[in-house]
Every structure is written in C-alpha cells, then in structure tokens.
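Note: the block below is structure_35.pdb and it holds PDB, C-alpha atoms and all ligand atoms.
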ATOM      1  CA  MET A   1      68.047 164.620 100.099  1.00  0.00           C
ATOM      2  CA  GLU A   2      70.716 162.664 101.944  1.00  0.00           C
ATOM      3  CA  LYS A   3      70.721 162.701 105.715  1.00  0.00           C
ATOM      4  CA  GLY A   4      73.519 164.689 107.325  1.00  0.00           C
ATOM      5  CA  LEU A   5      76.640 163.051 108.719  1.00  0.00           C
ATOM      6  CA  LEU A   6      77.116 162.847 112.482  1.00  0.00           C
ATOM      7  CA  VAL A   7      80.800 163.184 113.397  1.00  0.00           C
ATOM      8  CA  VAL A   8      81.984 162.692 116.969  1.00  0.00           C
ATOM      9  CA  ILE A   9      85.348 164.042 118.111  1.00  0.00           C
ATOM     10  CA  SER A  10      86.581 162.544 121.355  1.00  0.00           C
ATOM     11  CA  GLY A  11      89.758 161.785 123.262  1.00  0.00           C
ATOM     12  CA  PRO A  12      91.446 162.754 126.501  1.00  0.00           C
ATOM     13  CA  SER A  13      91.258 166.249 128.005  1.00  0.00           C
ATOM     14  CA  GLY A  14      94.285 168.198 126.794  1.00  0.00           C
ATOM     15  CA  ALA A  15      94.666 166.296 123.499  1.00  0.00           C
ATOM     16  CA  GLY A  16      93.456 169.391 121.674  1.00  0.00           C
ATOM     17  CA  LYS A  17      90.044 168.214 120.532  1.00  0.00           C
ATOM     18  CA  GLY A  18      88.455 171.529 121.516  1.00  0.00           C
ATOM     19  CA  THR A  19      90.740 173.491 119.188  1.00  0.00           C
ATOM     20  CA  ILE A  20      90.186 171.066 116.318  1.00  0.00           C
ATOM     21  CA  TYR A  21      86.449 171.184 116.954  1.00  0.00           C
ATOM     22  CA  ARG A  22      86.376 175.000 116.878  1.00  0.00           C
ATOM     23  CA  ASN A  23      88.541 175.091 113.721  1.00  0.00           C
ATOM     24  CA  ILE A  24      86.187 172.735 111.898  1.00  0.00           C
ATOM     25  CA  ILE A  25      83.054 174.591 112.968  1.00  0.00           C
ATOM     26  CA  ALA A  26      84.620 177.877 111.805  1.00  0.00           C
ATOM     27  CA  ARG A  27      85.654 176.454 108.405  1.00  0.00           C
ATOM     28  CA  THR A  28      82.663 174.321 107.460  1.00  0.00           C
ATOM     29  CA  GLY A  29      78.927 174.649 107.551  1.00  0.00           C
ATOM     30  CA  MET A  30      78.718 171.870 110.132  1.00  0.00           C
ATOM     31  CA  LYS A  31      76.245 172.337 112.942  1.00  0.00           C
ATOM     32  CA  ARG A  32      77.527 172.145 116.465  1.00  0.00           C
ATOM     33  CA  SER A  33      75.817 170.474 119.322  1.00  0.00           C
ATOM     34  CA  ILE A  34      75.845 172.606 122.442  1.00  0.00           C
ATOM     35  CA  SER A  35      76.027 170.390 125.510  1.00  0.00           C
ATOM     36  CA  VAL A  36      74.350 170.948 128.835  1.00  0.00           C
ATOM     37  CA  THR A  37      76.590 170.789 131.911  1.00  0.00           C
ATOM     38  CA  THR A  38      76.392 171.184 135.668  1.00  0.00           C
ATOM     39  CA  ARG A  39      80.021 172.436 135.711  1.00  0.00           C
ATOM     40  CA  LYS A  40      80.560 176.084 136.618  1.00  0.00           C
ATOM     41  CA  PRO A  41      81.549 178.340 133.691  1.00  0.00           C
ATOM     42  CA  ARG A  42      85.280 179.028 133.277  1.00  0.00           C
ATOM     43  CA  PRO A  43      86.344 182.656 132.690  1.00  0.00           C
ATOM     44  CA  GLY A  44      85.234 183.721 129.225  1.00  0.00           C
ATOM     45  CA  GLU A  45      82.749 180.894 128.718  1.00  0.00           C
ATOM     46  CA  GLN A  46      79.302 181.949 127.598  1.00  0.00           C
ATOM     47  CA  GLU A  47      75.876 180.472 128.256  1.00  0.00           C
ATOM     48  CA  GLY A  48      74.406 178.993 125.071  1.00  0.00           C
ATOM     49  CA  VAL A  49      77.728 179.319 123.229  1.00  0.00           C
ATOM     50  CA  ASP A  50      80.141 177.044 125.107  1.00  0.00           C
ATOM     51  CA  TYR A  51      77.542 175.136 127.112  1.00  0.00           C
ATOM     52  CA  TYR A  52      74.131 175.495 128.627  1.00  0.00           C
ATOM     53  CA  PHE A  53      75.073 175.787 132.306  1.00  0.00           C
ATOM     54  CA  ARG A  54      72.417 174.236 134.534  1.00  0.00           C
ATOM     55  CA  SER A  55      72.018 173.343 138.218  1.00  0.00           C
ATOM     56  CA  GLU A  56      72.094 169.677 139.141  1.00  0.00           C
ATOM     57  CA  GLU A  57      68.376 169.811 139.896  1.00  0.00           C
ATOM     58  CA  GLU A  58      67.523 171.260 136.487  1.00  0.00           C
ATOM     59  CA  TYR A  59      69.771 168.656 134.880  1.00  0.00           C
ATOM     60  CA  GLN A  60      67.990 165.786 136.643  1.00  0.00           C
ATOM     61  CA  HIS A  61      64.662 167.121 135.350  1.00  0.00           C
ATOM     62  CA  MET A  62      66.013 167.068 131.800  1.00  0.00           C
ATOM     63  CA  ILE A  63      67.156 163.441 132.240  1.00  0.00           C
ATOM     64  CA  ALA A  64      63.715 162.460 133.562  1.00  0.00           C
ATOM     65  CA  ALA A  65      62.053 164.174 130.598  1.00  0.00           C
ATOM     66  CA  GLY A  66      64.205 162.091 128.197  1.00  0.00           C
ATOM     67  CA  GLU A  67      65.786 165.153 126.640  1.00  0.00           C
ATOM     68  CA  PHE A  68      69.297 163.712 126.180  1.00  0.00           C
ATOM     69  CA  LEU A  69      70.855 161.661 123.400  1.00  0.00           C
ATOM     70  CA  GLU A  70      73.539 160.760 125.935  1.00  0.00           C
ATOM     71  CA  THR A  71      74.552 161.943 129.352  1.00  0.00           C
ATOM     72  CA  ALA A  72      77.677 161.213 131.381  1.00  0.00           C
ATOM     73  CA  GLU A  73      79.302 162.135 134.644  1.00  0.00           C
ATOM     74  CA  VAL A  74      82.788 163.475 133.954  1.00  0.00           C
ATOM     75  CA  TYR A  75      84.965 164.527 136.898  1.00  0.00           C
ATOM     76  CA  LYS A  76      81.969 164.934 139.243  1.00  0.00           C
ATOM     77  CA  ASN A  77      79.960 167.055 136.840  1.00  0.00           C
ATOM     78  CA  TYR A  78      77.253 166.036 134.409  1.00  0.00           C
ATOM     79  CA  TYR A  79      77.485 166.622 130.691  1.00  0.00           C
ATOM     80  CA  GLY A  80      74.799 165.764 128.156  1.00  0.00           C
ATOM     81  CA  THR A  81      73.806 166.197 124.543  1.00  0.00           C
ATOM     82  CA  PRO A  82      70.275 167.436 123.929  1.00  0.00           C
ATOM     83  CA  LYS A  83      68.583 165.048 121.487  1.00  0.00           C
ATOM     84  CA  ALA A  84      66.007 167.031 119.482  1.00  0.00           C
ATOM     85  CA  PRO A  85      68.265 169.547 117.683  1.00  0.00           C
ATOM     86  CA  VAL A  86      70.647 166.788 116.540  1.00  0.00           C
ATOM     87  CA  PHE A  87      68.047 164.671 114.744  1.00  0.00           C
ATOM     88  CA  GLU A  88      66.381 167.755 113.310  1.00  0.00           C
ATOM     89  CA  ASN A  89      69.674 168.831 111.739  1.00  0.00           C
ATOM     90  CA  LEU A  90      70.509 165.353 110.394  1.00  0.00           C
ATOM     91  CA  ASP A  91      67.040 164.947 108.891  1.00  0.00           C
ATOM     92  CA  ASN A  92      67.429 168.318 107.182  1.00  0.00           C
ATOM     93  CA  GLY A  93      70.692 167.161 105.580  1.00  0.00           C
ATOM     94  CA  HIS A  94      73.012 169.153 107.856  1.00  0.00           C
ATOM     95  CA  ASP A  95      76.226 167.558 109.095  1.00  0.00           C
ATOM     96  CA  VAL A  96      76.638 167.708 112.866  1.00  0.00           C
ATOM     97  CA  LEU A  97      79.890 167.773 114.829  1.00  0.00           C
ATOM     98  CA  PHE A  98      80.138 166.671 118.466  1.00  0.00           C
ATOM     99  CA  GLU A  99      82.904 166.997 120.993  1.00  0.00           C
ATOM    100  CA  VAL A 100      82.309 164.588 123.857  1.00  0.00           C
ATOM    101  CA  ASP A 101      84.246 162.428 126.295  1.00  0.00           C
ATOM    102  CA  VAL A 102      84.865 158.754 125.490  1.00  0.00           C
ATOM    103  CA  HIS A 103      81.772 157.551 127.417  1.00  0.00           C
ATOM    104  CA  GLY A 104      79.675 159.964 125.392  1.00  0.00           C
ATOM    105  CA  ALA A 105      81.211 158.669 122.156  1.00  0.00           C
ATOM    106  CA  ARG A 106      80.312 155.116 123.156  1.00  0.00           C
ATOM    107  CA  SER A 107      76.684 156.050 123.973  1.00  0.00           C
ATOM    108  CA  ILE A 108      76.296 157.888 120.690  1.00  0.00           C
ATOM    109  CA  LYS A 109      77.745 154.989 118.669  1.00  0.00           C
ATOM    110  CA  LYS A 110      75.368 152.631 120.452  1.00  0.00           C
ATOM    111  CA  LYS A 111      72.289 154.730 119.711  1.00  0.00           C
ATOM    112  CA  TYR A 112      73.421 155.904 116.289  1.00  0.00           C
ATOM    113  CA  PRO A 113      75.918 153.435 114.734  1.00  0.00           C
ATOM    114  CA  GLU A 114      76.263 155.485 111.535  1.00  0.00           C
ATOM    115  CA  ALA A 115      78.111 158.142 113.557  1.00  0.00           C
ATOM    116  CA  VAL A 116      81.753 158.583 112.551  1.00  0.00           C
ATOM    117  CA  ALA A 117      83.921 158.593 115.690  1.00  0.00           C
ATOM    118  CA  VAL A 118      87.381 160.181 115.662  1.00  0.00           C
ATOM    119  CA  PHE A 119      89.791 159.796 118.583  1.00  0.00           C
ATOM    120  CA  ILE A 120      92.135 162.764 119.072  1.00  0.00           C
ATOM    121  CA  MET A 121      95.376 161.908 120.887  1.00  0.00           C
ATOM    122  CA  THR A 122      98.691 163.602 121.559  1.00  0.00           C
ATOM    123  CA  PRO A 123     101.711 161.777 120.053  1.00  0.00           C
ATOM    124  CA  ASP A 124     102.590 160.580 123.607  1.00  0.00           C
ATOM    125  CA  PHE A 125     101.515 160.964 127.250  1.00  0.00           C
ATOM    126  CA  LYS A 126     104.346 163.376 128.118  1.00  0.00           C
ATOM    127  CA  THR A 127     102.953 165.881 125.604  1.00  0.00           C
ATOM    128  CA  LEU A 128      99.494 165.421 127.096  1.00  0.00           C
ATOM    129  CA  GLU A 129     100.791 166.232 130.579  1.00  0.00           C
ATOM    130  CA  GLU A 130     102.625 169.334 129.311  1.00  0.00           C
ATOM    131  CA  ARG A 131      99.480 170.591 127.601  1.00  0.00           C
ATOM    132  CA  LEU A 132      97.338 170.080 130.704  1.00  0.00           C
ATOM    133  CA  VAL A 133      99.895 171.893 132.898  1.00  0.00           C
ATOM    134  CA  GLY A 134     100.189 174.686 130.325  1.00  0.00           C
ATOM    135  CA  ARG A 135      96.437 175.190 130.322  1.00  0.00           C
ATOM    136  CA  GLY A 136      96.660 176.019 134.028  1.00  0.00           C
ATOM    137  CA  THR A 137      92.963 175.458 134.710  1.00  0.00           C
ATOM    138  CA  GLU A 138      93.335 172.223 136.688  1.00  0.00           C
ATOM    139  CA  SER A 139      94.365 171.672 140.299  1.00  0.00           C
ATOM    140  CA  GLU A 140      97.111 169.070 140.789  1.00  0.00           C
ATOM    141  CA  SER A 141      94.702 166.332 141.833  1.00  0.00           C
ATOM    142  CA  ALA A 142      92.402 167.107 138.892  1.00  0.00           C
ATOM    143  CA  LEU A 143      95.476 166.938 136.620  1.00  0.00           C
ATOM    144  CA  ASN A 144      96.435 163.491 137.918  1.00  0.00           C
ATOM    145  CA  THR A 145      92.856 162.292 137.539  1.00  0.00           C
ATOM    146  CA  ARG A 146      92.802 163.468 133.933  1.00  0.00           C
ATOM    147  CA  LEU A 147      96.157 161.838 133.124  1.00  0.00           C
ATOM    148  CA  GLY A 148      95.023 158.528 134.618  1.00  0.00           C
ATOM    149  CA  ALA A 149      91.798 158.721 132.660  1.00  0.00           C
ATOM    150  CA  ALA A 150      93.649 159.360 129.389  1.00  0.00           C
ATOM    151  CA  LYS A 151      95.181 155.896 129.287  1.00  0.00           C
ATOM    152  CA  ARG A 152      91.851 154.230 130.071  1.00  0.00           C
ATOM    153  CA  GLU A 153      90.239 156.292 127.323  1.00  0.00           C
ATOM    154  CA  LEU A 154      92.838 155.262 124.738  1.00  0.00           C
ATOM    155  CA  SER A 155      92.288 151.621 125.717  1.00  0.00           C
ATOM    156  CA  LYS A 156      88.729 152.032 124.329  1.00  0.00           C
ATOM    157  CA  TYR A 157      90.208 152.528 120.843  1.00  0.00           C
ATOM    158  CA  GLU A 158      87.981 149.839 119.310  1.00  0.00           C
ATOM    159  CA  LEU A 159      84.951 152.105 119.659  1.00  0.00           C
ATOM    160  CA  PHE A 160      86.466 154.521 117.177  1.00  0.00           C
ATOM    161  CA  ASP A 161      86.644 154.606 113.395  1.00  0.00           C
ATOM    162  CA  TYR A 162      89.710 156.866 113.170  1.00  0.00           C
ATOM    163  CA  ILE A 163      92.579 158.190 115.290  1.00  0.00           C
ATOM    164  CA  VAL A 164      94.327 161.503 114.666  1.00  0.00           C
ATOM    165  CA  PHE A 165      97.631 162.239 116.442  1.00  0.00           C
ATOM    166  CA  ASN A 166      97.588 165.916 117.257  1.00  0.00           C
ATOM    167  CA  ASP A 167     101.181 167.080 117.047  1.00  0.00           C
ATOM    168  CA  ASP A 168     100.224 170.267 115.271  1.00  0.00           C
ATOM    169  CA  ALA A 169      96.661 171.606 115.578  1.00  0.00           C
ATOM    170  CA  GLU A 170      96.532 172.820 111.977  1.00  0.00           C
ATOM    171  CA  ALA A 171      97.666 169.488 110.505  1.00  0.00           C
ATOM    172  CA  ALA A 172      95.330 167.557 112.807  1.00  0.00           C
ATOM    173  CA  THR A 173      92.395 169.795 111.829  1.00  0.00           C
ATOM    174  CA  GLN A 174      93.163 169.095 108.176  1.00  0.00           C
ATOM    175  CA  GLN A 175      93.232 165.348 108.834  1.00  0.00           C
ATOM    176  CA  VAL A 176      89.811 165.449 110.469  1.00  0.00           C
ATOM    177  CA  LEU A 177      88.502 167.525 107.525  1.00  0.00           C
ATOM    178  CA  ASP A 178      89.929 164.889 105.145  1.00  0.00           C
ATOM    179  CA  ILE A 179      88.163 162.123 107.099  1.00  0.00           C
ATOM    180  CA  ILE A 180      84.882 164.033 106.860  1.00  0.00           C
ATOM    181  CA  SER A 181      85.360 164.565 103.093  1.00  0.00           C
ATOM    182  CA  ALA A 182      86.007 160.859 102.554  1.00  0.00           C
ATOM    183  CA  GLU A 183      82.975 159.874 104.631  1.00  0.00           C
ATOM    184  CA  LYS A 184      80.799 162.254 102.595  1.00  0.00           C
ATOM    185  CA  CYS A 185      81.921 160.391  99.442  1.00  0.00           C
ATOM    186  CA  ARG A 186      80.975 156.927 100.713  1.00  0.00           C
ATOM    187  CA  ILE A 187      78.495 155.166  98.466  1.00  0.00           C
ATOM    188  CA  LYS A 188      76.180 154.486 101.415  1.00  0.00           C
ATOM    189  CA  ASN A 189      76.034 158.231 102.099  1.00  0.00           C
ATOM    190  CA  ASN A 190      75.021 159.013  98.520  1.00  0.00           C
ATOM    191  CA  LEU A 191      72.344 156.440  97.742  1.00  0.00           C
ATOM    192  CA  THR A 192      69.509 158.953  97.341  1.00  0.00           C
ATOM    193  CA  VAL A 193      71.487 161.057  94.860  1.00  0.00           C
ATOM    194  CA  ILE A 194      72.686 158.007  92.923  1.00  0.00           C
ATOM    195  CA  LYS A 195      69.165 156.558  92.676  1.00  0.00           C
ATOM    196  CA  ASN A 196      67.827 159.919  91.488  1.00  0.00           C
ATOM    197  CA  LEU A 197      70.511 160.039  88.798  1.00  0.00           C
ATOM    198  CA  LEU A 198      69.584 156.556  87.643  1.00  0.00           C
ATOM    199  CA  ASN A 199      65.889 157.393  87.335  1.00  0.00           C
TER     200      ASN A 199
HETATM  201  P1  LIG A 201      85.346 170.451 130.092  1.00  0.00           P
HETATM  202  O1  LIG A 201      84.871 170.520 131.522  1.00  0.00           O
HETATM  203  O2  LIG A 201      86.851 170.503 130.004  1.00  0.00           O
HETATM  204  O3  LIG A 201      84.656 171.468 129.210  1.00  0.00           O
HETATM  205  O4  LIG A 201      84.905 169.036 129.528  1.00  0.00           O
HETATM  206  C1  LIG A 201      85.213 167.882 130.237  1.00  0.00           C
HETATM  207  C2  LIG A 201      84.914 166.708 129.360  1.00  0.00           C
HETATM  208  O5  LIG A 201      83.515 166.578 129.132  1.00  0.00           O
HETATM  209  C3  LIG A 201      85.575 166.784 127.991  1.00  0.00           C
HETATM  210  O6  LIG A 201      86.221 165.535 127.737  1.00  0.00           O
HETATM  211  C4  LIG A 201      84.398 167.019 127.068  1.00  0.00           C
HETATM  212  O7  LIG A 201      84.641 166.489 125.787  1.00  0.00           O
HETATM  213  C5  LIG A 201      83.290 166.273 127.773  1.00  0.00           C
HETATM  214  N1  LIG A 201      81.956 166.690 127.320  1.00  0.00           N
HETATM  215  C6  LIG A 201      81.560 167.912 126.920  1.00  0.00           C
HETATM  216  N2  LIG A 201      80.277 167.888 126.540  1.00  0.00           N
HETATM  217  C7  LIG A 201      79.849 166.610 126.674  1.00  0.00           C
HETATM  218  C8  LIG A 201      78.598 165.949 126.427  1.00  0.00           C
HETATM  219  O8  LIG A 201      77.601 166.503 125.981  1.00  0.00           O
HETATM  220  N3  LIG A 201      78.555 164.626 126.715  1.00  0.00           N
HETATM  221  C9  LIG A 201      79.622 163.954 127.192  1.00  0.00           C
HETATM  222  N4  LIG A 201      79.474 162.667 127.423  1.00  0.00           N
HETATM  223  N5  LIG A 201      80.821 164.540 127.422  1.00  0.00           N
HETATM  224  C10 LIG A 201      80.925 165.851 127.173  1.00  0.00           C
END
What is this structure when it is put down as structure tokens?
Amino acid sequence: MEKGLLVVISGPSGAGKGTIYRNIIARTGMKRSISVTTRKPRPGEQEGVDYYFRSEEEYQHMIAAGEFLETAEVYKNYYGTPKAPVFENLDNGHDVLFEVDVHGARSIKKKYPEAVAVFIMTPDFKTLEERLVGRGTESESALNTRLGAAKRELSKYELFDYIVFNDDAEAATQQVLDIISAEKCRIKNNLTVIKNLLN
C-alpha cells in the first residue's frame, strides 16, 4: 500500500483557505488534522471539530511531552498540530489535509519534505482587506496586523509548491483538487503499486 499524501493549505488570514479546506474535506475522503489552540472559541466553533481549545498551561505541557508536529505563536495565541494521528493516517494510506499559517507550513516542510504545500492568496491586497473587514471578527488593530503579515507571508513563496489565486472559492477549490489529483499520479507516489504490477 502506498503512503497517504500530506497536503498543506496555507496563506494569509482572509484569503479564503478555510473555505477551500472545508470544501475539500467535504468532497474527498481526506483526513483532517484538528489543531490545538490557546485562542478562545469564536461563536459557533466547537471543541474537537474546529480546534481543541486548551489553556496556555495545558498547551505548554503538550509541547514538553513532544506531542506536536509543529507549533507556532500566531497573533499572541498558540496553534499546533498533534503529531500521532497524522503519521498514523499517512501510514494507513489515508491522505491528510492541513490548514496552517505560513510558519506552520515551513515547519511541516522541514520535518516532512514530501508534503505538498499550496499557498492560497487573493488576487490582490485590496480584496484581502475587503474580506477581512467583511468577516467582522477582527478589531481594527488586529486587522492591520493581519494585513501587514499577509505581505510577509507571500514573500515566503519559495517554501511552497503551488499558488492558487482565490477569486472565486469554487474555482479555487477545484484548482486545489486538481493539484491533489496530479500529485496522486506522480510516479514517486505509485512505486509500490507499479512494482507489484511488475512482479
Ligand atoms: P484563526 O484564529 O483565524 O482560526 O487562525 C489563525 C491562524 O492560525 C490561521 O492562519 C490558521 O491557518 C493558523 N493555524 C491554525 N491551526 C494551526 C496549526 O495547527 N499550526 C499553525 N502553525 N497554524 C495554525
């Protein structure tokens, strides 16, 4: 059996990666990785569905116990990916989809270079600002912080294998699905099957 594919979706807040991520999870059999965070839940967010919400003290214990594949501080809160479920899924041939910030994408690529990293970006920064304002969940200073961060994040483009410009969520979702299909067809991701056929 081939190992599963690890796909990382990243990009600035407001670029629409969350929507694309949810679309792909709903339409494929890909496994999601549920992150742990010290951020407070937003209205409607559920424990164990959107995140595992933990206190800072509990989070520090998890770091000390080596439970994370990567962990990052994003806007004064911690976010991390629990390690064990990811490798279990990959070893069992399941594809795994991540949605993380750009630091998280870099850590994952470092620890697991086979990961396929996709940067989701709006067509321009004006659109990004409009989407963040429209979301209405950020204070003005948080909004400015996120806009400033977006440019720095895009400047890390070399970390990524692909970029998808999200003008329309449906079209962008389809592009990410196409990327995943192509990656699944790579020779290096089919060596076990090919060798079995040749035997
Ligand atoms: P939000 O607070 O809006 O849910 O997420 C803030 C940022 O944290 C987003 O850019 C999101 O992708 C990122 N994030 C969510 N989970 C993780 C994680 O497990 N690791 C890292 N490094 N970033 C994450």
Could you tell me, as JSON, numbers by chain, exactly which residues end up selected when the PyMOL selection byres (((chain A and resi 32-37) around 10) and not hetatm) is applied to this structure? {"A": [21, 22, 24, 25, 29, 30, 31, 38, 39, 40, 41, 47, 48, 49, 50, 51, 52, 53, 54, 55, 56, 59, 62, 68, 70, 71, 72, 73, 74, 77, 78, 79, 80, 81, 82, 83, 85, 86, 89, 95, 96, 97, 98, 99, 100]}
For the residues in that selection, give me C-alpha atoms as an mmCIF file, in the frame of the given file.
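Result file follows (part_35.cif):
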data_model
loop_
_atom_site.group_PDB
_atom_site.id
_atom_site.type_symbol
_atom_site.label_atom_id
_atom_site.label_comp_id
_atom_site.auth_asym_id
_atom_site.auth_seq_id
_atom_site.Cartn_x
_atom_site.Cartn_y
_atom_site.Cartn_z
ATOM 1 C CA TYR A 21 86.449 171.184 116.954
ATOM 2 C CA ARG A 22 86.376 175.000 116.878
ATOM 3 C CA ILE A 24 86.187 172.735 111.898
ATOM 4 C CA ILE A 25 83.054 174.591 112.968
ATOM 5 C CA GLY A 29 78.927 174.649 107.551
ATOM 6 C CA MET A 30 78.718 171.870 110.132
ATOM 7 C CA LYS A 31 76.245 172.337 112.942
ATOM 8 C CA THR A 38 76.392 171.184 135.668
ATOM 9 C CA ARG A 39 80.021 172.436 135.711
ATOM 10 C CA LYS A 40 80.560 176.084 136.618
ATOM 11 C CA PRO A 41 81.549 178.340 133.691
ATOM 12 C CA GLU A 47 75.876 180.472 128.256
ATOM 13 C CA GLY A 48 74.406 178.993 125.071
ATOM 14 C CA VAL A 49 77.728 179.319 123.229
ATOM 15 C CA ASP A 50 80.141 177.044 125.107
ATOM 16 C CA TYR A 51 77.542 175.136 127.112
ATOM 17 C CA TYR A 52 74.131 175.495 128.627
ATOM 18 C CA PHE A 53 75.073 175.787 132.306
ATOM 19 C CA ARG A 54 72.417 174.236 134.534
ATOM 20 C CA SER A 55 72.018 173.343 138.218
ATOM 21 C CA GLU A 56 72.094 169.677 139.141
ATOM 22 C CA TYR A 59 69.771 168.656 134.880
ATOM 23 C CA MET A 62 66.013 167.068 131.800
ATOM 24 C CA PHE A 68 69.297 163.712 126.180
ATOM 25 C CA GLU A 70 73.539 160.760 125.935
ATOM 26 C CA THR A 71 74.552 161.943 129.352
ATOM 27 C CA ALA A 72 77.677 161.213 131.381
ATOM 28 C CA GLU A 73 79.302 162.135 134.644
ATOM 29 C CA VAL A 74 82.788 163.475 133.954
ATOM 30 C CA ASN A 77 79.960 167.055 136.840
ATOM 31 C CA TYR A 78 77.253 166.036 134.409
ATOM 32 C CA TYR A 79 77.485 166.622 130.691
ATOM 33 C CA GLY A 80 74.799 165.764 128.156
ATOM 34 C CA THR A 81 73.806 166.197 124.543
ATOM 35 C CA PRO A 82 70.275 167.436 123.929
ATOM 36 C CA LYS A 83 68.583 165.048 121.487
ATOM 37 C CA PRO A 85 68.265 169.547 117.683
ATOM 38 C CA VAL A 86 70.647 166.788 116.540
ATOM 39 C CA ASN A 89 69.674 168.831 111.739
ATOM 40 C CA ASP A 95 76.226 167.558 109.095
ATOM 41 C CA VAL A 96 76.638 167.708 112.866
ATOM 42 C CA LEU A 97 79.890 167.773 114.829
ATOM 43 C CA PHE A 98 80.138 166.671 118.466
ATOM 44 C CA GLU A 99 82.904 166.997 120.993
ATOM 45 C CA VAL A 100 82.309 164.588 123.857
#
Explicit residues for the PyMOL selection byres (((chain A and resi 132) around 9) and not hetatm) (as a ChimeraX atom specification): /A:13-15,127-131,133-138,143,146-147
Let me have the centre and edge lengths of the axis-aligned box enclosing all listed atoms of region 149-166 of chain A with 4 Å padding on every side, in Å to one decimal, as AutoDock Vina command-line options.
--center_x 91.3 --center_y 157.9 --center_z 122.9 --size_x 20.7 --size_y 24.1 --size_z 27.5
Report, in Å to a single decimal, how far apart CA of Lys156 (chain A) and CA of Leu69 (chain A) are.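 For CA of Leu69 (chain A) relative to CA of Lys156 (chain A), the distance reads 20.3 Å.
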Which residue gives the smallest distance to Asn166 (chain A) among A:Leu90, A:Ile179, A:Ile20, A:Ile194, with all atoms listed in the file counted?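 Smallest distance to Asn166 (chain A) is found for A:Ile20.
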Would you work out the distance separating CA of Gly16 (chain A) from CA of Ala182 (chain A), expressed in Å to one decimal? 22.2 Å
Got a sec: who's within 7 Å of Gly93 (chain A), counting all atoms listed in the file, leaving out chain neighbours fewer than 6 positions off, as a PyMOL selection string? chain A and resi 1-4
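As for CA of Phe165 (chain A) and CA of Glu183 (chain A), they are spaced 19.0 Å apart.
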Would you pick out the contacts of Ser181 (chain A) at 12 Å or less, using only C-alpha atoms, so that residues sharing its chain but fewer than 6 positions from it are not included, and give the list as JSON, numbers by chain? {"A": [5, 7, 28, 95, 116, 174, 175, 189]}
My list of candidates is A:Leu197, A:Val8, A:Leu154, A:Val102. Which is closest to Thr122 (chain A) when distances are computed with only C-alpha atoms?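 With only C-alpha atoms as the atom set, the closest residue is A:Leu154.
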Kindly indicate which residue among A:Tyr75, A:Tyr162, A:Tyr157, A:Phe119 lies nearest to ligand LIG 201 (chain A), using all atoms listed in the file for the distances.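 Among A:Tyr75, A:Tyr162, A:Tyr157, A:Phe119, it is A:Tyr75 that comes nearest to ligand LIG 201 (chain A).
Closest approach to ligand LIG 201 (chain A) from the set A:Glu158, A:Asp101, A:Glu114, A:Glu153 is made by A:Asp101, with distances taken over all atoms listed in the file.
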Which residue is closest to ligand LIG 201 (chain A)? Choose from A:Arg152, A:Arg42, A:His94, A:Lys111 and count all atoms listed in the file. A:Arg42
Write region 113-117 of chain A as a PDB file, keeping the file's coordinate frame, completed to all heavy atoms.
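To be explicit, this is the file written out as part37.pdb:
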ATOM      1  N   PRO A 113      74.685 154.083 115.224  1.00  0.00           N
ATOM      2  CA  PRO A 113      75.918 153.435 114.734  1.00  0.00           C
ATOM      3  C   PRO A 113      76.511 154.070 113.480  1.00  0.00           C
ATOM      4  O   PRO A 113      77.692 153.880 113.203  1.00  0.00           O
ATOM      5  CB  PRO A 113      75.473 151.990 114.439  1.00  0.00           C
ATOM      6  CG  PRO A 113      74.158 151.821 115.106  1.00  0.00           C
ATOM      7  CD  PRO A 113      73.535 153.178 115.239  1.00  0.00           C
ATOM      8  N   GLU A 114      75.723 154.823 112.734  1.00  0.00           N
ATOM      9  CA  GLU A 114      76.263 155.485 111.535  1.00  0.00           C
ATOM     10  C   GLU A 114      77.219 156.623 111.903  1.00  0.00           C
ATOM     11  O   GLU A 114      77.920 157.141 111.027  1.00  0.00           O
ATOM     12  CB  GLU A 114      75.134 156.095 110.673  1.00  0.00           C
ATOM     13  CG  GLU A 114      74.068 155.150 110.233  1.00  0.00           C
ATOM     14  CD  GLU A 114      72.858 155.221 111.172  1.00  0.00           C
ATOM     15  OE1 GLU A 114      72.999 154.890 112.377  1.00  0.00           O
ATOM     16  OE2 GLU A 114      71.778 155.590 110.707  1.00  0.00           O
ATOM     17  N   ALA A 115      77.227 157.039 113.149  1.00  0.00           N
ATOM     18  CA  ALA A 115      78.111 158.142 113.557  1.00  0.00           C
ATOM     19  C   ALA A 115      79.562 157.782 113.247  1.00  0.00           C
ATOM     20  O   ALA A 115      79.969 156.627 113.374  1.00  0.00           O
ATOM     21  CB  ALA A 115      77.949 158.418 115.046  1.00  0.00           C
ATOM     22  N   VAL A 116      80.329 158.779 112.826  1.00  0.00           N
ATOM     23  CA  VAL A 116      81.753 158.583 112.551  1.00  0.00           C
ATOM     24  C   VAL A 116      82.519 159.103 113.767  1.00  0.00           C
ATOM     25  O   VAL A 116      82.410 160.284 114.113  1.00  0.00           O
ATOM     26  CB  VAL A 116      82.177 159.382 111.293  1.00  0.00           C
ATOM     27  CG1 VAL A 116      83.669 159.229 111.038  1.00  0.00           C
ATOM     28  CG2 VAL A 116      81.358 158.936 110.087  1.00  0.00           C
ATOM     29  N   ALA A 117      83.259 158.204 114.439  1.00  0.00           N
ATOM     30  CA  ALA A 117      83.921 158.593 115.690  1.00  0.00           C
ATOM     31  C   ALA A 117      85.427 158.720 115.488  1.00  0.00           C
ATOM     32  O   ALA A 117      86.081 157.805 114.994  1.00  0.00           O
ATOM     33  CB  ALA A 117      83.611 157.566 116.772  1.00  0.00           C
TER      34      ALA A 117
END
